[in-house]
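Here is the file coords-v3.csv (CSV, C-alpha atoms).
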chain,number,residue,atom,x,y,z
K,261,MET,CA,97.8,38.6,69.7
K,262,THR,CA,99.8,36.1,67.9
K,263,ARG,CA,99.5,32.3,68.3
K,264,GLY,CA,103.1,32.1,69.5
K,265,TRP,CA,102.6,34.6,72.2
K,266,LEU,CA,99.6,32.7,73.5
K,267,ILE,CA,101.4,29.4,73.6
K,268,ALA,CA,104.3,31.1,75.5
K,269,ALA,CA,101.9,32.6,78.0
K,270,LEU,CA,100.2,29.3,78.6
K,271,ALA,CA,103.5,27.6,79.1
K,272,ALA,CA,104.6,30.2,81.6
K,273,THR,CA,101.4,29.7,83.6
K,274,LEU,CA,101.7,25.9,83.6
K,275,LEU,CA,105.3,26.1,84.8
K,276,ALA,CA,104.8,28.8,87.3
K,277,PRO,CA,106.0,28.0,90.9
K,278,GLY,CA,103.2,26.5,93.0
K,279,ALA,CA,101.1,25.5,90.0
K,280,VAL,CA,100.0,21.9,90.8
K,281,PHE,CA,97.5,20.2,88.6
K,282,ALA,CA,95.1,17.4,89.5
K,283,GLN,CA,96.1,14.1,87.9
K,284,GLY,CA,94.3,13.6,84.6
K,285,SER,CA,92.9,17.2,84.5
K,286,GLY,CA,93.9,20.7,83.8
K,287,GLU,CA,92.6,22.0,87.1
K,288,ALA,CA,94.9,23.1,89.9
K,289,TYR,CA,95.0,20.7,92.8
K,290,PRO,CA,92.8,20.4,94.8
K,291,ALA,CA,90.0,20.8,92.3
K,292,ARG,CA,87.4,19.0,94.5
K,293,THR,CA,86.8,17.7,98.0
K,294,VAL,CA,89.7,15.7,99.6
K,295,ARG,CA,89.0,12.9,102.0
K,296,VAL,CA,91.2,12.4,105.1
K,297,VAL,CA,90.5,8.9,106.5
K,298,ILE,CA,91.6,7.8,110.0
K,299,GLY,CA,91.2,4.3,111.4
K,300,LEU,CA,90.0,5.4,114.8
K,301,ALA,CA,86.6,6.4,116.2
K,302,PRO,CA,85.3,10.0,116.4
K,303,GLY,CA,86.0,12.1,119.4
K,304,GLY,CA,89.5,10.9,120.4
K,305,GLY,CA,92.7,12.8,120.3
K,306,THR,CA,93.6,11.7,116.8
K,307,ASP,CA,90.2,12.6,115.5
K,308,ILE,CA,90.4,16.0,117.0
K,309,GLN,CA,93.8,16.7,115.5
K,310,ALA,CA,92.8,15.4,112.1
K,311,ARG,CA,89.8,17.7,112.1
K,312,LEU,CA,91.8,20.6,113.3
K,313,PHE,CA,94.3,20.3,110.4
K,314,ALA,CA,91.6,19.4,107.9
K,315,GLN,CA,89.8,22.6,108.7
K,316,LYS,CA,93.0,24.6,108.3
K,317,LEU,CA,93.7,23.0,104.9
K,318,SER,CA,90.2,23.8,103.8
K,319,GLU,CA,90.7,27.4,104.7
K,320,ASN,CA,94.1,27.8,103.1
K,321,MET,CA,93.6,25.7,100.0
K,322,GLY,CA,90.0,26.7,99.1
K,323,ARG,CA,88.5,23.2,98.9
K,324,PRO,CA,86.9,21.0,101.6
K,325,PHE,CA,89.1,18.5,103.4
K,326,VAL,CA,86.7,16.1,105.1
K,327,VAL,CA,87.6,13.6,107.8
K,328,GLU,CA,86.1,10.1,107.6
K,329,ASN,CA,86.4,7.6,110.4
K,330,ARG,CA,86.8,3.9,109.4
K,331,THR,CA,87.3,1.8,112.5
K,332,GLY,CA,88.1,-1.9,113.0
K,333,ALA,CA,91.1,-4.3,113.5
K,334,GLY,CA,93.3,-1.6,115.0
K,335,GLY,CA,93.1,0.6,112.0
K,336,THR,CA,94.2,-2.0,109.5
K,337,ILE,CA,90.8,-2.0,107.7
K,338,ALA,CA,91.2,1.7,106.9
K,339,TYR,CA,94.9,1.3,106.0
K,340,ALA,CA,94.2,-1.6,103.6
K,341,GLN,CA,91.4,0.4,101.9
K,342,ILE,CA,93.4,3.5,101.4
K,343,ALA,CA,96.4,1.6,100.1
K,344,LYS,CA,94.1,0.6,97.1
K,345,SER,CA,92.7,4.1,96.6
K,346,PRO,CA,93.6,6.1,93.4
K,347,PRO,CA,96.9,7.9,93.9
K,348,ASP,CA,95.5,11.3,92.9
K,349,GLY,CA,95.8,13.2,96.2
K,350,TYR,CA,92.0,13.1,96.9
K,351,THR,CA,92.2,10.3,99.4
K,352,LEU,CA,94.7,10.7,102.3
K,353,LEU,CA,95.3,8.7,105.4
K,354,GLY,CA,95.8,10.3,108.9
K,355,VAL,CA,97.9,8.0,111.1
K,356,THR,CA,99.3,7.9,114.6
K,357,SER,CA,102.2,6.2,116.3
K,358,GLY,CA,100.0,3.1,116.4
K,359,TYR,CA,100.5,2.8,112.6
K,360,THR,CA,104.1,1.7,113.2
K,361,ILE,CA,103.1,-0.7,116.0
K,362,THR,CA,100.7,-2.7,114.0
K,363,PRO,CA,103.4,-4.4,111.8
K,364,ALA,CA,105.0,-5.6,115.0
K,365,VAL,CA,101.9,-7.2,116.6
K,366,TYR,CA,100.3,-8.7,113.4
K,367,SER,CA,102.2,-11.2,111.5
K,368,LYS,CA,100.2,-10.7,108.3
K,369,LEU,CA,98.8,-7.5,107.0
K,370,PRO,CA,96.7,-6.8,103.8
K,371,TYR,CA,99.0,-3.9,102.9
K,372,ASP,CA,102.7,-2.9,103.1
K,373,PRO,CA,103.1,-0.1,105.7
K,374,LEU,CA,106.1,1.4,103.9
K,375,ASN,CA,105.7,0.6,100.2
K,376,ASP,CA,102.0,1.0,99.8
K,377,PHE,CA,102.0,4.6,101.0
K,378,ALA,CA,103.8,7.9,100.3
K,379,PRO,CA,104.7,9.9,103.4
K,380,ILE,CA,103.6,13.6,103.4
K,381,SER,CA,104.4,15.0,106.8
K,382,LEU,CA,104.6,14.4,110.5
K,383,VAL,CA,102.6,17.3,111.7
K,384,ALA,CA,102.3,17.1,115.5
K,385,GLN,CA,103.5,15.1,118.5
K,386,ALA,CA,102.7,14.9,122.2
K,387,PRO,CA,104.2,13.0,125.2
K,388,PHE,CA,102.6,10.3,127.2
K,389,LEU,CA,102.4,10.7,130.9
K,390,LEU,CA,103.6,7.9,133.3
K,391,LEU,CA,100.8,7.9,135.8
K,392,ALA,CA,100.3,6.3,139.2
K,393,HIS,CA,97.4,6.1,141.6
K,394,PRO,CA,98.0,8.5,144.6
K,395,SER,CA,97.8,5.6,147.1
K,396,LEU,CA,101.0,4.1,145.5
K,397,PRO,CA,103.9,5.2,147.7
K,398,VAL,CA,105.9,6.7,144.8
K,399,ARG,CA,106.4,10.2,143.7
K,400,THR,CA,109.2,9.7,141.1
K,401,VAL,CA,110.2,7.2,138.5
K,402,ARG,CA,113.1,6.2,140.7
K,403,ASP,CA,110.7,5.5,143.6
K,404,LEU,CA,108.7,3.3,141.2
K,405,LEU,CA,111.8,1.4,140.1
K,406,VAL,CA,112.9,0.8,143.7
K,407,LEU,CA,109.4,-0.5,144.6
K,408,ALA,CA,109.3,-2.7,141.5
K,409,ARG,CA,112.7,-4.2,142.3
K,410,THR,CA,112.1,-4.8,146.0
K,411,LYS,CA,108.7,-6.2,145.5
K,412,PRO,CA,108.8,-8.0,142.1
K,413,ALA,CA,105.5,-9.0,140.5
K,414,MET,CA,103.5,-6.8,142.9
K,415,LEU,CA,102.8,-4.0,140.5
K,416,ASP,CA,100.6,-3.9,137.4
K,417,CYS,CA,100.1,-1.4,134.6
K,418,GLY,CA,96.9,-0.8,132.6
K,419,SER,CA,96.7,0.0,128.9
K,420,ALA,CA,94.2,0.6,126.2
K,421,GLY,CA,94.7,-2.9,124.9
K,422,HIS,CA,97.2,-5.5,123.5
K,423,GLY,CA,99.4,-3.8,121.0
K,424,SER,CA,98.1,-0.3,121.7
K,425,SER,CA,100.4,2.7,121.9
K,426,THR,CA,100.0,2.8,125.7
K,427,HIS,CA,100.8,-0.9,125.9
K,428,MET,CA,104.0,-0.4,123.9
K,429,ALA,CA,105.0,2.6,125.9
K,430,PHE,CA,104.8,0.3,129.0
K,431,GLU,CA,106.7,-2.6,127.3
K,432,LEU,CA,109.5,-0.3,126.3
K,433,PHE,CA,109.7,1.0,129.8
K,434,ARG,CA,109.5,-2.5,131.4
K,435,THR,CA,112.3,-3.9,129.2
K,436,MET,CA,114.6,-0.9,129.4
K,437,ALA,CA,114.2,-0.7,133.1
K,438,GLY,CA,114.5,-4.4,133.7
K,439,VAL,CA,111.5,-4.6,136.0
K,440,ASN,CA,108.8,-7.2,136.6
K,441,ILE,CA,105.5,-5.4,136.2
K,442,ALA,CA,102.3,-7.1,135.0
K,443,HIS,CA,100.4,-5.8,132.0
K,444,ILE,CA,96.6,-5.4,132.3
K,445,PRO,CA,94.9,-4.8,128.9
K,446,TYR,CA,91.6,-2.9,128.7
K,447,LYS,CA,89.3,-2.2,125.8
K,448,GLY,CA,90.3,1.4,125.3
K,449,THR,CA,91.9,4.2,127.2
K,450,GLY,CA,88.7,5.2,129.0
K,451,PRO,CA,88.2,2.0,130.9
K,452,ALA,CA,91.9,1.9,131.8
K,453,LEU,CA,91.8,5.4,133.2
K,454,ILE,CA,88.7,4.6,135.2
K,455,ASP,CA,90.3,1.6,136.9
K,456,ALA,CA,93.5,3.5,137.5
K,457,MET,CA,91.7,6.3,139.2
K,458,ALA,CA,89.8,3.7,141.3
K,459,GLY,CA,93.1,2.1,142.3
K,460,GLN,CA,92.3,-1.2,140.5
K,461,VAL,CA,95.6,-0.9,138.6
K,462,HIS,CA,98.7,0.8,140.0
K,463,MET,CA,99.9,2.7,137.0
K,464,LEU,CA,99.5,3.4,133.3
K,465,PHE,CA,100.8,5.5,130.4
K,466,GLY,CA,98.2,8.0,129.3
K,467,ASN,CA,98.1,10.9,126.8
K,468,VAL,CA,98.0,14.4,128.1
K,469,LEU,CA,94.6,15.0,126.4
K,470,SER,CA,92.8,12.4,128.4
K,471,ALA,CA,94.8,12.4,131.7
K,472,LEU,CA,95.8,16.0,132.5
K,473,THR,CA,92.4,16.9,134.1
K,474,HIS,CA,92.7,13.9,136.4
K,475,VAL,CA,96.3,14.9,137.4
K,476,LYS,CA,95.2,18.4,138.2
K,477,THR,CA,92.3,17.1,140.4
K,478,GLY,CA,94.7,14.7,142.2
K,479,ARG,CA,93.0,11.5,141.1
K,480,LEU,CA,96.2,10.5,139.4
K,481,ARG,CA,99.8,11.3,140.0
K,482,ALA,CA,102.1,12.2,137.1
K,483,LEU,CA,105.6,10.8,137.6
K,484,ALA,CA,107.2,11.8,134.2
K,485,VAL,CA,106.7,12.5,130.5
K,486,THR,CA,107.9,10.1,127.9
K,487,THR,CA,109.5,12.4,125.4
K,488,ALA,CA,113.2,13.2,125.2
K,489,LYS,CA,112.6,16.8,126.3
K,490,ARG,CA,110.2,18.1,129.0
K,491,SER,CA,106.7,19.1,127.9
K,492,LEU,CA,105.9,22.8,127.4
K,493,VAL,CA,102.6,22.2,129.1
K,494,LEU,CA,104.2,20.5,132.2
K,495,PRO,CA,107.7,22.0,132.3
K,496,GLU,CA,108.1,21.0,136.0
K,497,LEU,CA,107.6,17.3,135.2
K,498,PRO,CA,110.9,15.4,134.4
K,499,THR,CA,111.3,13.0,131.6
K,500,VAL,CA,111.5,9.2,132.1
K,501,SER,CA,115.0,9.3,130.7
K,502,GLU,CA,116.3,11.8,133.2
K,503,SER,CA,114.5,10.0,136.1
K,504,GLY,CA,116.1,6.6,136.0
K,505,VAL,CA,115.7,5.0,132.6
K,506,PRO,CA,118.3,6.7,130.4
K,507,GLY,CA,117.5,6.8,126.7
K,508,TYR,CA,113.8,6.1,127.1
K,509,GLU,CA,111.9,8.1,124.5
K,510,ASN,CA,108.4,7.7,123.2
K,511,SER,CA,105.6,9.9,122.0
K,512,THR,CA,102.2,9.8,120.4
K,513,TRP,CA,102.2,11.6,117.0
K,514,PHE,CA,100.0,12.4,114.1
K,515,GLY,CA,101.0,12.4,110.4
K,516,VAL,CA,99.5,12.2,106.9
K,517,LEU,CA,100.1,9.6,104.2
K,518,ALA,CA,98.9,9.2,100.6
K,519,PRO,CA,98.6,6.1,98.4
K,520,ALA,CA,101.9,5.2,96.8
K,521,GLY,CA,102.2,6.7,93.3
K,522,THR,CA,100.7,10.0,94.2
K,523,PRO,CA,102.4,12.7,92.1
K,524,ALA,CA,105.4,14.3,93.8
K,525,ALA,CA,104.0,17.8,93.0
K,526,VAL,CA,100.8,17.0,94.9
K,527,LEU,CA,102.8,15.5,97.9
K,528,ASN,CA,105.0,18.6,98.0
K,529,LYS,CA,102.1,21.0,97.9
K,530,LEU,CA,100.3,19.1,100.7
K,531,ASN,CA,103.5,19.0,102.7
K,532,ALA,CA,104.0,22.8,102.3
K,533,GLU,CA,100.4,23.5,103.4
K,534,LEU,CA,100.6,21.1,106.4
K,535,THR,CA,103.8,22.7,107.5
K,536,ARG,CA,102.2,26.1,107.1
K,537,ALA,CA,99.2,25.0,109.1
K,538,SER,CA,101.3,23.5,111.9
K,539,GLN,CA,103.1,26.8,112.3
K,540,SER,CA,99.9,29.0,112.5
K,541,SER,CA,99.2,30.5,115.8
K,542,ASP,CA,95.7,29.1,116.1
K,543,ILE,CA,96.9,25.6,115.6
K,544,VAL,CA,99.8,26.0,118.1
K,545,ASP,CA,97.4,27.5,120.6
K,546,ARG,CA,94.9,24.7,120.2
K,547,LEU,CA,97.5,21.9,120.5
K,548,ALA,CA,99.3,23.4,123.5
K,549,PRO,CA,96.8,22.8,126.3
K,550,ASP,CA,96.7,19.1,125.4
K,551,GLY,CA,100.5,18.8,125.3
K,552,GLY,CA,100.7,18.8,121.6
K,553,GLU,CA,103.5,20.4,119.7
K,554,PRO,CA,103.6,21.1,116.0
K,555,VAL,CA,106.3,19.5,113.9
K,556,GLY,CA,106.0,19.9,110.1
K,557,SER,CA,108.6,17.5,108.7
K,558,THR,CA,109.6,16.9,105.1
K,559,PRO,CA,108.2,13.7,103.4
K,560,GLU,CA,111.7,12.2,103.5
K,561,GLN,CA,112.0,12.8,107.3
K,562,PHE,CA,108.6,11.3,107.9
K,563,GLY,CA,109.5,8.3,105.8
K,564,ARG,CA,112.6,7.7,107.8
K,565,LEU,CA,110.7,8.0,111.0
K,566,LEU,CA,108.1,5.4,109.9
K,567,ALA,CA,110.9,2.9,109.0
K,568,LEU,CA,112.8,3.4,112.3
K,569,GLU,CA,109.6,3.2,114.4
K,570,ILE,CA,108.5,-0.1,112.7
K,571,SER,CA,111.9,-1.6,113.3
K,572,ARG,CA,112.0,-0.4,116.9
K,573,TRP,CA,108.6,-1.8,117.8
K,574,ARG,CA,109.4,-5.1,116.2
K,575,LYS,CA,112.4,-5.3,118.5
K,576,VAL,CA,110.4,-4.3,121.6
K,577,VAL,CA,107.8,-7.0,120.8
K,578,LYS,CA,110.5,-9.6,120.4
K,579,ASP,CA,112.4,-8.5,123.6
K,580,ALA,CA,109.2,-8.4,125.6
K,581,GLY,CA,108.1,-11.9,124.4
K,582,MET,CA,104.8,-10.5,123.3
K,583,LYS,CA,102.3,-12.6,121.4
K,584,VAL,CA,102.2,-11.8,117.7
K,585,GLU,CA,98.7,-12.4,116.1
Turn the structure described in the file into structure tokens.
Amino acid sequence: MTRGWLIAALAATLLAPGAVFAQGSGEAYPARTVRVVIGLAPGGGTDIQARLFAQKLSENMGRPFVVENRTGAGGTIAYAQIAKSPPDGYTLLGVTSGYTITPAVYSKLPYDPLNDFAPISLVAQAPFLLLAHPSLPVRTVRDLLVLARTKPAMLDCGSAGHGSSTHMAFELFRTMAGVNIAHIPYKGTGPALIDAMAGQVHMLFGNVLSALTHVKTGRLRALAVTTAKRSLVLPELPTVSESGVPGYENSTWFGVLAPAGTPAAVLNKLNAELTRASQSSDIVDRLAPDGGEPVGSTPEQFGRLLALEISRWRKVVKDAGMKVE
């Protein structure tokens, strides 16, 4: 075996398609455990999705992907910490639609939501449900709009808290429909749902995961879904847009970011694996009962979505006259 043949063989291996090496080492990525940090508490819909995809990545890539929960300040503590993490692909950030709301409701952030992170993929999305207590004399969005306009200031809407994704879903609805409905913030989705089922608030926007059971038992009435198209899990339920508020579109989604500066080869490998995972039958089957639908975008598509959503929520906050902290 000649030295020249050996060098040529090594070069061919290094340049082979799919060969991605960990930054600063000769080992293929991932060479060790990868942390996926989310800024929300364990047990919620985001946590469930993060663990679902982490498990699939672990299976497909041969190294553990471990989810870590770092709560506080609406997720901004986690975001700020990950922004300063080494850009080597071993610390990732799982984010929801709330990530793009935060820049609209906080005037100062310890990180740049667009420039401090590299988008990897938008992997899944799900609609919110517009829900009403059964005692409210409405069965459609149009009924709700008529009631809100004939009896202004009578209705109220609960949410998971000021600046939450459910609050913003409501503010977008209120401003686009031009109705006077009061906002009642709670400390989380759970308390808001409890009061909605008890009739303490008239309506709320809730995710399918937490609300569908209560709809099926008749404790809440679903009026519409918030996405542009009807949900596969509730195909008989119309969208808000087709029910009286044309152009209304909103969803809760889950995506993955890395610190800015992470090598493009690592980002592309993760993107390919996340797309592969989102298309697997077990992931599709697990997401479907909760209204979740896999996406699997490119990094560029996800980056454009982040920029558009941040701009949109800033406009909604301004138009709604919301307090910016």
Exercise for review: Please provide as an MDAnalysis selection string all residues within 12 Å of K:Arg536, with the sequence filter that same-chain residues fewer than 2 positions apart are discarded (counting all atoms listed in the file).
Suggested key: chainID K and resid 313 316:317 319:321 381 383 529:534 538:544 554:558
**Study point:** Nearest to K:Gln460 by atom-to-atom distance, counting all atoms listed in the file, from K:Ala314, K:Leu396, K:Val294, K:Glu560
**Key:**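 Among K:Ala314, K:Leu396, K:Val294, K:Glu560, it is K:Leu396 that comes nearest to K:Gln460.
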Practice item. Could you give me, as number ranges by chain, the residues that sit within 6 Å of (104.8, 13.2, 121.2) in the file's coordinates, counting all atoms listed in the file? Key: K: 385-387, 511-513
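Among K:Asp545, K:Glu431, K:Asp348, K:Asp307, the residue with the shortest atom-to-atom distance to K:Phe514, counting all atoms listed in the file, is K:Asp307.
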Review point. Please, which residues are within 8 Å of (95.0, 13.4, 114.3) by the file's coordinates, counting only C-alpha atoms, and could they come as a ChimeraX atom specification?
Key: /K:298,305-313,354-356,513-515
